[in-house]
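Trainee: What follows is a structure written as structure tokens; I'll ask about it next.
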Amino acid sequence: MRYEKYELGKLATIKKVKGLPLDKYETGNIPYVTGSQSNNGVVGYVTAPDDAISDGNCIVVDPIKGLCMYQLDKFVGRGFSGASINALYIKGLNELNAMYIIATIEKYSTKVANYGNLFNSNRLSSATIELPTL
């Protein structure tokens, strides 16, 4: 099998989520996602305006720990601070290939991400990962 290097900014569209703190929302049915690894990052369910809701079928990245999760459905993400999560949208993404891509991103990101060196959209964009190719 052959592998090629891909710069995340060229492989994915990177979007910073726009959600407010969890306590600013009423309880509802839209997942509220943070960088927590418990329950795939979902820490509650809220009702939110359309401009706070991110599309699903993406990989979310916690800038503090560098951990990633696949989000299938629409969600509201923690986006009110410098430590906002980012969503990666990749053409052809599905749950299976997302798990592989997550492993390759975390191989790098968990070594460099911390409070003093946030794995934010700029660092995500320039990060390089290796993926199998035909």
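Ligands are numbered from 1 in the order shown, residues from 1 within each chain, and chains are lettered A, B, ... in the order they appear in the structure tokens.
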Which residues are close to segment 85-93 of chain A, i.e. within 7 Å by only C-alpha atoms, leaving aside same-chain residues fewer than 5 positions away? Reply as a ChimeraX atom specification.

Mentor: /A:11-17,34-35,57-63,77-79,98,121

Trainee: Write a file of the just-selected residues containing C-alpha atoms, as a JSON list (two decimals), in the first residue's frame.

Mentor:
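Contents of the output file out-v6.json:
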[["chain", "number", "residue", "atom", "x", "y", "z"],
["A", 11, "LEU", "CA", -7.87, 18.09, 2.16],
["A", 12, "ALA", "CA", -10.65, 19.63, 4.27],
["A", 13, "THR", "CA", -12.73, 22.75, 4.66],
["A", 14, "ILE", "CA", -12.03, 23.89, 8.22],
["A", 15, "LYS", "CA", -14.79, 25.78, 10.02],
["A", 16, "LYS", "CA", -14.75, 27.24, 13.51],
["A", 17, "VAL", "CA", -18.04, 26.43, 15.25],
["A", 34, "THR", "CA", -17.23, 20.08, 23.27],
["A", 35, "GLY", "CA", -13.74, 18.62, 23.26],
["A", 57, "ASN", "CA", -20.71, 14.50, 8.71],
["A", 58, "CYS", "CA", -17.52, 16.09, 9.93],
["A", 59, "ILE", "CA", -14.57, 15.57, 12.23],
["A", 60, "VAL", "CA", -14.42, 17.93, 15.21],
["A", 61, "VAL", "CA", -11.05, 18.76, 16.73],
["A", 62, "ASP", "CA", -10.44, 19.92, 20.29],
["A", 63, "PRO", "CA", -7.68, 22.56, 20.12],
["A", 77, "GLY", "CA", -20.28, 23.21, 19.14],
["A", 78, "ARG", "CA", -18.38, 25.03, 21.86],
["A", 79, "GLY", "CA", -17.30, 28.09, 19.92],
["A", 98, "ALA", "CA", -13.39, 9.27, 9.44],
["A", 121, "SER", "CA", -7.68, 26.46, 12.57]]

Trainee: Using backbone DSSP assignments, extract all alpha helix (DSSP H) residues from segment 79-126 of chain A; output them as a list in words.

Mentor: Glu95, Leu96, Asn97, Ala98, Met99, Tyr100, Ile101, Ile102, Ala103, Thr104, Ile105, Glu106, Lys107, Tyr108, Ser109, Thr110, Lys111, Val112, Ser121, Asn122, Arg123, Leu124, Ser125 and Ser126 of chain A

Trainee: Give me, as a PyMOL selection string, the residues of segment 1-133 of chain A that a backbone DSSP run labels strand (DSSP E).

Mentor: chain A and resi 2-7+13-16+26-33+42-47+53-54+58-61+68-71+75-77+86-89+128-133

Trainee: Find the spatial neighbours of segment 124-127 of chain A, counting only C-alpha atoms, within a cut-off of 7 Å - ignore same-chain residues fewer than 6 positions away - and output them as a PyMOL selection string.

Mentor: chain A and resi 7-9

Trainee: Go through A:Leu72, A:Tyr115, A:Tyr3, A:Tyr32 and flag the residue nearest Leu96 of chain A, using only C-alpha atoms for the distances.

Mentor: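 Using only C-alpha atoms, Leu96 of chain A sits closest to A:Leu72.
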
Trainee: Could you jot down the atom CA of Leu20 of chain A to atom CA of Thr104 of chain A separation for me, Å, one decimal place?

Mentor: 29.4 Å

Trainee: As a PyMOL selection string, please: the residues near Gly66 of chain A (cut-off 8 Å, only C-alpha atoms, same-chain neighbours under 3 positions excluded).

Mentor: chain A and resi 61-63+106+109-114+119

Trainee: Would you put the residues from that selection into a file with C-alpha atoms, as a PDB file, in the first residue's frame?

Mentor:
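For reference, out38.pdb as written:
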ATOM      1  CA  VAL A  61     -11.048  18.763  16.731  1.00  0.00           C
ATOM      2  CA  ASP A  62     -10.436  19.919  20.291  1.00  0.00           C
ATOM      3  CA  PRO A  63      -7.679  22.557  20.118  1.00  0.00           C
ATOM      4  CA  GLU A 106      -4.363  12.464  16.531  1.00  0.00           C
ATOM      5  CA  SER A 109      -2.142  16.633  17.207  1.00  0.00           C
ATOM      6  CA  THR A 110      -2.018  15.020  20.645  1.00  0.00           C
ATOM      7  CA  LYS A 111       1.756  15.606  20.724  1.00  0.00           C
ATOM      8  CA  VAL A 112       1.540  19.338  19.986  1.00  0.00           C
ATOM      9  CA  ALA A 113      -1.809  20.590  21.321  1.00  0.00           C
ATOM     10  CA  ASN A 114      -2.049  22.176  24.774  1.00  0.00           C
ATOM     11  CA  PHE A 119      -4.346  23.312  17.718  1.00  0.00           C
TER      12      PHE A 119
END

Trainee: Please list as a VMD selection string every residue within 9 Å of Met1 of chain A, counting only C-alpha atoms and excluding residues in the same chain fewer than 6 positions away.

Mentor: chain A and resid 132 to 134

Trainee: Name the residues in contact with Gly56 of chain A at a cut-off of 8 Å, using only C-alpha atoms, excluding same-chain residues fewer than 5 positions from it; report them as number ranges by chain.

Mentor: A: 71-75

Trainee: Print the selection's residues with N, CA and C atoms to a file, as a PDB file, in the first residue's frame.

Mentor:
ATOM      1  N   GLN A  71     -18.716  13.510  13.957  1.00  0.00           N
ATOM      2  CA  GLN A  71     -20.094  13.926  14.235  1.00  0.00           C
ATOM      3  C   GLN A  71     -20.931  13.666  12.989  1.00  0.00           C
ATOM      4  N   LEU A  72     -21.846  12.739  13.080  1.00  0.00           N
ATOM      5  CA  LEU A  72     -22.703  12.393  11.950  1.00  0.00           C
ATOM      6  C   LEU A  72     -23.793  13.442  11.735  1.00  0.00           C
ATOM      7  N   ASP A  73     -24.425  13.886  12.822  1.00  0.00           N
ATOM      8  CA  ASP A  73     -25.585  14.765  12.725  1.00  0.00           C
ATOM      9  C   ASP A  73     -25.226  16.221  13.010  1.00  0.00           C
ATOM     10  N   LYS A  74     -26.159  17.108  12.679  1.00  0.00           N
ATOM     11  CA  LYS A  74     -25.985  18.527  12.994  1.00  0.00           C
ATOM     12  C   LYS A  74     -25.784  18.676  14.492  1.00  0.00           C
ATOM     13  N   PHE A  75     -25.042  19.714  14.895  1.00  0.00           N
ATOM     14  CA  PHE A  75     -24.724  19.909  16.301  1.00  0.00           C
ATOM     15  C   PHE A  75     -24.427  21.381  16.567  1.00  0.00           C
TER      16      PHE A  75
END

Trainee: Which one of A:Ile53, A:Met69, A:Ile101, A:Ile64 sits closest to Gly41 of chain A if you count only C-alpha atoms?

Mentor: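 Of A:Ile53, A:Met69, A:Ile101, A:Ile64, the one nearest Gly41 of chain A, counting only C-alpha atoms, is A:Met69.
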
Trainee: Determine the nearest neighbour of Gly44 of chain A from the options A:Tyr100, A:Tyr6, A:Phe80, A:Tyr25, counting only C-alpha atoms.

Mentor: A:Tyr25
